[in-house]
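What follows is one structure encoded as structure tokens, with my remarks underneath.
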Protein chains: 2
Amino acid sequence: MASGKRVTIADIARMAGVSPGAVSFALNGRPGVSDETRQRILSIVEENHWQPSSAARALVGARANTVGFALARPARSLGSEAFFTDLIAGIESRLSESKVSLQLRLVSDIAEEMEVHRQWRSSNQVDGIIMIDPRDDDPRSDRITALDARAVLIGSNPSPVGAVPSVWIADDEVAETLFSYLAALGHTRITYVAGPDDLEHTHLRAQVLARMASDGVSGDVITTDFSPARASAVTRAQLSGRVRPTAIVYDNDVMAVAGLRVAQEMGRSVPRDVSIASFDDSVIAGLINPSITAMTRDTFELGERAATLLLEQIVAGTTLPSIQGPTPTLTARESTAPPTAAS
Amino acid sequence: MASGKRVTIADIARMAGVSPGAVSFALNGRPGVSDETRQRILSIVEENHWQPSSAARALVGARANTVGFALARPARSLGSEAFFTDLIAGIESRLSESKVSLQLRLVSDIAEEMEVHRQWRSSNQVDGIIMIDPRDDDPRSDRITALDARAVLIGSNPSPVGAVPSVWIADDEVAETLFSYLAALGHTRITYVAGPDDLEHTHLRAQVLARMASDGVSGDVITTDFSPARASAVTRAQLSGRVRPTAIVYDNDVMAVAGLRVAQEMGRSVPRDVSIASFDDSVIAGLINPSITAMTRDTFELGERAATLLLEQIVAGTTLPSIQGPTPTLTARESTAPPTAAS
DNA sequence: CCTGGCCTCTAAACCGATCAAGTAGGGTGA
DNA sequence: TCACCCTACTTGATCGGTTTAGAGGCCAGG
């Protein structure tokens, strides 16, 4: 009871007058002990606050009850900060139901991420791995297969069979929803201020915009590093051009706020002179003046679903098919309106 | 090289023609092997990509090379989201220099947080623990002492000797800086929209404001749950009162943005009719229109310092004294100005 | 030539769980 | 009465490291 040395299975066994093996059977619900003995052992375990040693379990190859999430961060490919926090919260909330904990690691690039995966795997530290932010020609999936690890990828597409399954947001639908809404409002010149070129969703969204040419919408795609400084510069250039967009769509809320400010500084009224929207919502997007139209996604639930798929795979011991994540919805706010004839 | 079974110390020993014990000595830089043998062993280790099994190490009570951070989140006591992300990034960046990883766990309350601490400690999963958000009468410090664990507390005060040392931000100085600035601009009626009552820094900041009564500044403190909805309501009430504040200071940037919007909706111009400031800075605070005056703190560095103190304690095996964190500085922006005579 | 001490290395116990193989004791059928 | 089976356990190997005690070999001092 008092502090001191840890209570081991051997201590429990001694108190119950049985062997350590019997205690192990009782704890893991395996046959080989009578119900009476099992109850006695379990109550002794309870009284003495016995906790399994995760190290010892990992050593014999049992579950670690931990999943790993290595995050290649400097690329800022996560978009806004709130996304990250909500995602983690969603993952954690599902994991903790199953008494599984999350091991989070920030790494500088994909190479380091894969190195971390190898370490985790080789010392049985994690039962599964969460990955995010798929690239064109992503090397991670093959590596995971080589390690024979369970994993999920949070992405924009269902993975090909055999690869690491994904929880995917239909990014083309998302783009379709937002761009169509703007088109329906009457916008014909739309600029999309995107993220880096090597992210999957950048392409998907750009393609959707390109397809709308047939509806008489001319689109312009400009890639950035997600920084507000770039967003400001791009916005300034767009609003100074000879042919100006009537609507600008940003990949995340921080860039949208930066763009909004530039528009206001240049004397353009939002949404009268130019409409502004974001592919990423946040508390702030709804609070500023004017509030910003955005695609709202339930990031928390996305995390939950990813965790669920991963846990199911761990239990099943196999790779399961990809599943779709929660579909983002359009939250129309004050920053969008039909273009005025003058503009 | 190929996948398959893991390379163990026994494999290395066989290849080097020595015993496993000798390999262990060589790897850990302990005396007992000749330099020649040590070199030979190390190069074999290198060639064969041997990696220590953290499970096996933990089992014998060696370093886990992991530190734990359990976060009681629902109270939203972390303030804005960016704070959290930056802090983690700072911690991680220092830890990864020492090849230490961070185990992050989100929990629902302090009781669960302490339970997690116990588990971590009892199975040697972590070498140290990071805590944040000190309460009045915090039970965690005693528990950590009972567990004989190394820990740091990120807080507003140097800890009493014997307790868990802290990396502290001088919150009274921070409050002094911001309130004095407003007073110097000529504000005499300042409202402070604070966080929950049981957080240490709420008191500290409120006390500073109270002391300014001697300088002819009348202060009003209103506690909230950090939600933007409460911030809006409070702001609306304040700006509708008979005696209206000339400046409103919020505990974080989200609340400040909410307050700003309410002021604008009520037809008050910021900063002409009322000044607004925040105790917490963020990218957004600098981007919106008008940009918001805030206390900028180097959260990344705060995380780094906390990690450094923790690592030093782990190496030393003892508790070290508290250290001061980076001092926040005032970033004056557009949302503050001298009050106009009319207001 | 013997003793002692140092250096380098080996052997074996140990950490705390899991699990396959083995055993004691009671019951059953022929 | 004996063979046999079943239940309810125990024994001991195992995972991959660390660590202590001790074994040889070599050299110096007396």
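Here, A, B, ... name the chains of the structure tokens in the order displayed, residue numbers run from 1 inside each chain, and ligands are numbered from 1 in the same displayed order.
Residues in contact with stretch 169-183 of chain B at up to 6 Å, not including ones fewer than 2 positions away on its chain and judged by only C-alpha atoms (C1' of nucleotides), are Ser156, Leu185, Gly186, His187, Leu204, Arg205 and Gly325 of chain B.
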request  = Just list the residues in stretch 17-110 of chain A DSSP gives strand (DSSP E) on the backbone, as JSON, numbers by chain.
outcome  = {"A": [66, 67, 68, 69, 70, 71, 72, 101, 102, 103, 104, 105, 106, 107]}
Could you write out that same residue set with C-alpha atoms as a PDB file, in the first residue's frame?
```pdb
ATOM      1  CA  THR A  66       0.072   2.229 -27.038  1.00  0.00           C
ATOM      2  CA  VAL A  67      -0.176   3.604 -30.517  1.00  0.00           C
ATOM      3  CA  GLY A  68       2.362   5.920 -32.053  1.00  0.00           C
ATOM      4  CA  PHE A  69       1.929   9.110 -33.999  1.00  0.00           C
ATOM      5  CA  ALA A  70       5.058  10.660 -35.446  1.00  0.00           C
ATOM      6  CA  LEU A  71       4.453  14.049 -36.875  1.00  0.00           C
ATOM      7  CA  ALA A  72       6.700  15.616 -39.488  1.00  0.00           C
ATOM      8  CA  SER A 101      -2.328   5.573 -24.813  1.00  0.00           C
ATOM      9  CA  LEU A 102      -0.881   7.719 -27.509  1.00  0.00           C
ATOM     10  CA  GLN A 103       2.800   8.190 -28.045  1.00  0.00           C
ATOM     11  CA  LEU A 104       3.380  11.445 -29.857  1.00  0.00           C
ATOM     12  CA  ARG A 105       6.630  12.345 -31.494  1.00  0.00           C
ATOM     13  CA  LEU A 106       7.473  15.420 -33.501  1.00  0.00           C
ATOM     14  CA  VAL A 107      10.067  14.790 -36.167  1.00  0.00           C
TER      15      VAL A 107
END
```
Would you mind listing, for every residue of chain C within 9 Å of stretch 26-30 of chain D, the two atoms forming the shortest contact and the distance between them in Å to one decimal, using only C-alpha atoms (C1' of nucleotides), sorted by chain and ascending residue number, as a tab-separated table?
```
residue	atom	partner	partner_atom	distance
C:DT3	C1'	D:DG30	C1'	8.8
C:DC6	C1'	D:DC27	C1'	8.8
C:DC7	C1'	D:DC26	C1'	8.7
```
Got time to write the residues from that selection, N, CA and C atoms (P, O5', C5', C4', C3', O3' and C1' of nucleotides), as a PDB file, in the first residue's frame?
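The file below, again.pdb, is the result:
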```
ATOM      1  P    DT C   3      52.095 -18.157  -2.101  1.00  0.00           P
ATOM      2  O5'  DT C   3      51.744 -16.618  -2.073  1.00  0.00           O
ATOM      3  C5'  DT C   3      52.519 -15.727  -1.245  1.00  0.00           C
ATOM      4  C4'  DT C   3      52.124 -14.302  -1.578  1.00  0.00           C
ATOM      5  C3'  DT C   3      50.618 -14.079  -1.694  1.00  0.00           C
ATOM      6  O3'  DT C   3      50.240 -13.069  -0.777  1.00  0.00           O
ATOM      7  C1'  DT C   3      51.755 -13.165  -3.591  1.00  0.00           C
ATOM      8  P    DC C   6      44.664  -2.709  -7.501  1.00  0.00           P
ATOM      9  O5'  DC C   6      44.697  -2.700  -9.086  1.00  0.00           O
ATOM     10  C5'  DC C   6      45.938  -2.481  -9.767  1.00  0.00           C
ATOM     11  C4'  DC C   6      45.834  -3.026 -11.177  1.00  0.00           C
ATOM     12  C3'  DC C   6      44.529  -2.655 -11.883  1.00  0.00           C
ATOM     13  O3'  DC C   6      44.847  -2.068 -13.135  1.00  0.00           O
ATOM     14  C1'  DC C   6      44.953  -4.979 -12.080  1.00  0.00           C
ATOM     15  P    DC C   7      43.737  -1.162 -13.905  1.00  0.00           P
ATOM     16  O5'  DC C   7      43.568  -2.007 -15.237  1.00  0.00           O
ATOM     17  C5'  DC C   7      44.712  -2.624 -15.837  1.00  0.00           C
ATOM     18  C4'  DC C   7      44.247  -3.746 -16.734  1.00  0.00           C
ATOM     19  C3'  DC C   7      42.935  -3.459 -17.474  1.00  0.00           C
ATOM     20  O3'  DC C   7      43.180  -3.554 -18.868  1.00  0.00           O
ATOM     21  C1'  DC C   7      42.879  -5.605 -16.445  1.00  0.00           C
TER      22       DC C   7
END
```
Kindly determine which residues of chain D lie within 9 Å of chain B, considering only C-alpha atoms (C1' of nucleotides), and give the answer as an mmCIF file with N, CA and C atoms (P, O5', C5', C4', C3', O3' and C1' of nucleotides), in the first residue's frame.
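That gives us iface28.cif:
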```cif
data_model
loop_
_atom_site.group_PDB
_atom_site.id
_atom_site.type_symbol
_atom_site.label_atom_id
_atom_site.label_comp_id
_atom_site.auth_asym_id
_atom_site.auth_seq_id
_atom_site.Cartn_x
_atom_site.Cartn_y
_atom_site.Cartn_z
ATOM 1 P P DC D 15 13.988 -16.379 -26.508
ATOM 2 O "O5'" DC D 15 13.542 -14.856 -26.429
ATOM 3 C "C5'" DC D 15 12.259 -14.440 -26.873
ATOM 4 C "C4'" DC D 15 11.947 -13.099 -26.274
ATOM 5 C "C3'" DC D 15 13.146 -12.149 -26.251
ATOM 6 O "O3'" DC D 15 13.090 -11.306 -27.391
ATOM 7 C "C1'" DC D 15 11.916 -12.129 -24.171
ATOM 8 P P DG D 16 14.423 -11.081 -28.187
ATOM 9 O "O5'" DG D 16 15.182 -9.993 -27.306
ATOM 10 C "C5'" DG D 16 14.657 -8.689 -27.228
ATOM 11 C "C4'" DG D 16 15.483 -7.892 -26.246
ATOM 12 C "C3'" DG D 16 16.990 -7.875 -26.543
ATOM 13 O "O3'" DG D 16 17.463 -6.575 -26.262
ATOM 14 C "C1'" DG D 16 16.647 -8.610 -24.366
ATOM 15 P P DG D 17 18.690 -6.021 -27.014
ATOM 16 O "O5'" DG D 17 19.138 -4.789 -26.091
ATOM 17 C "C5'" DG D 17 20.123 -4.958 -25.114
ATOM 18 C "C4'" DG D 17 19.507 -4.830 -23.737
ATOM 19 C "C3'" DG D 17 20.509 -4.521 -22.629
ATOM 20 O "O3'" DG D 17 20.562 -3.116 -22.460
ATOM 21 C "C1'" DG D 17 18.958 -6.246 -21.989
ATOM 22 P P DT D 18 21.856 -2.483 -21.739
ATOM 23 O "O5'" DT D 18 21.746 -2.992 -20.234
ATOM 24 C "C5'" DT D 18 20.745 -2.445 -19.389
ATOM 25 C "C4'" DT D 18 20.956 -2.941 -17.979
ATOM 26 C "C3'" DT D 18 22.294 -2.554 -17.343
ATOM 27 O "O3'" DT D 18 21.997 -2.132 -16.021
ATOM 28 C "C1'" DT D 18 21.998 -4.894 -17.221
ATOM 29 P P DT D 19 23.091 -1.312 -15.144
ATOM 30 O "O5'" DT D 19 23.640 -2.446 -14.170
ATOM 31 C "C5'" DT D 19 22.708 -3.247 -13.458
ATOM 32 C "C4'" DT D 19 23.437 -4.378 -12.755
ATOM 33 C "C3'" DT D 19 24.856 -4.025 -12.293
ATOM 34 O "O3'" DT D 19 25.037 -4.536 -10.986
ATOM 35 C "C1'" DT D 19 24.883 -6.004 -13.539
#
```
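The two atoms in question, atom CA of B:Arg143 and atom CA of B:Met114, are spaced 7.4 Å apart.
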request  = Return as a PyMOL selection string the full set of residues in stretch 95-250 of chain B whose backbone-based DSSP assignment is helix (DSSP H, G or I).
outcome  = chain B and resi 95-97+110-122+140-147+171-185+200-215+228-240
Could you list, as a PDB file with C-alpha atoms, in the first residue's frame, every residue within 12 Å of A:Ser98, counting only C-alpha atoms (C1' of nucleotides) and ignoring same-chain residues fewer than 3 positions away?
```pdb
ATOM      1  CA  ASN A  65      -1.433  -0.761 -25.379  1.00  0.00           C
ATOM      2  CA  THR A  66       0.072   2.229 -27.038  1.00  0.00           C
ATOM      3  CA  VAL A  67      -0.176   3.604 -30.517  1.00  0.00           C
ATOM      4  CA  ILE A  91      -7.780  10.116 -31.304  1.00  0.00           C
ATOM      5  CA  GLU A  92      -7.132  10.149 -27.594  1.00  0.00           C
ATOM      6  CA  SER A  93     -10.765  10.049 -26.660  1.00  0.00           C
ATOM      7  CA  ARG A  94     -11.289   6.862 -28.627  1.00  0.00           C
ATOM      8  CA  LEU A  95      -8.046   5.300 -27.458  1.00  0.00           C
ATOM      9  CA  SER A 101      -2.328   5.573 -24.813  1.00  0.00           C
ATOM     10  CA  LEU A 102      -0.881   7.719 -27.509  1.00  0.00           C
ATOM     11  CA  ALA A 307      -8.308   5.505 -33.876  1.00  0.00           C
ATOM     12  CA  THR A 308     -11.208   3.117 -34.248  1.00  0.00           C
ATOM     13  CA  LEU A 310      -6.478   1.285 -36.041  1.00  0.00           C
ATOM     14  CA  LEU A 311      -7.743  -0.479 -32.931  1.00  0.00           C
ATOM     15  CA  GLU A 312      -9.866  -2.806 -35.024  1.00  0.00           C
ATOM     16  CA  ILE A 314      -4.785  -4.377 -33.993  1.00  0.00           C
ATOM     17  CA  VAL A 315      -7.422  -6.688 -32.572  1.00  0.00           C
TER      18      VAL A 315
END
```
query = If we count only C-alpha atoms (C1' of nucleotides), which residues of chain C reach to within 8 Å of chain B? Please list them as a PyMOL selection string.
reply = chain C and resi 7-10+14-16
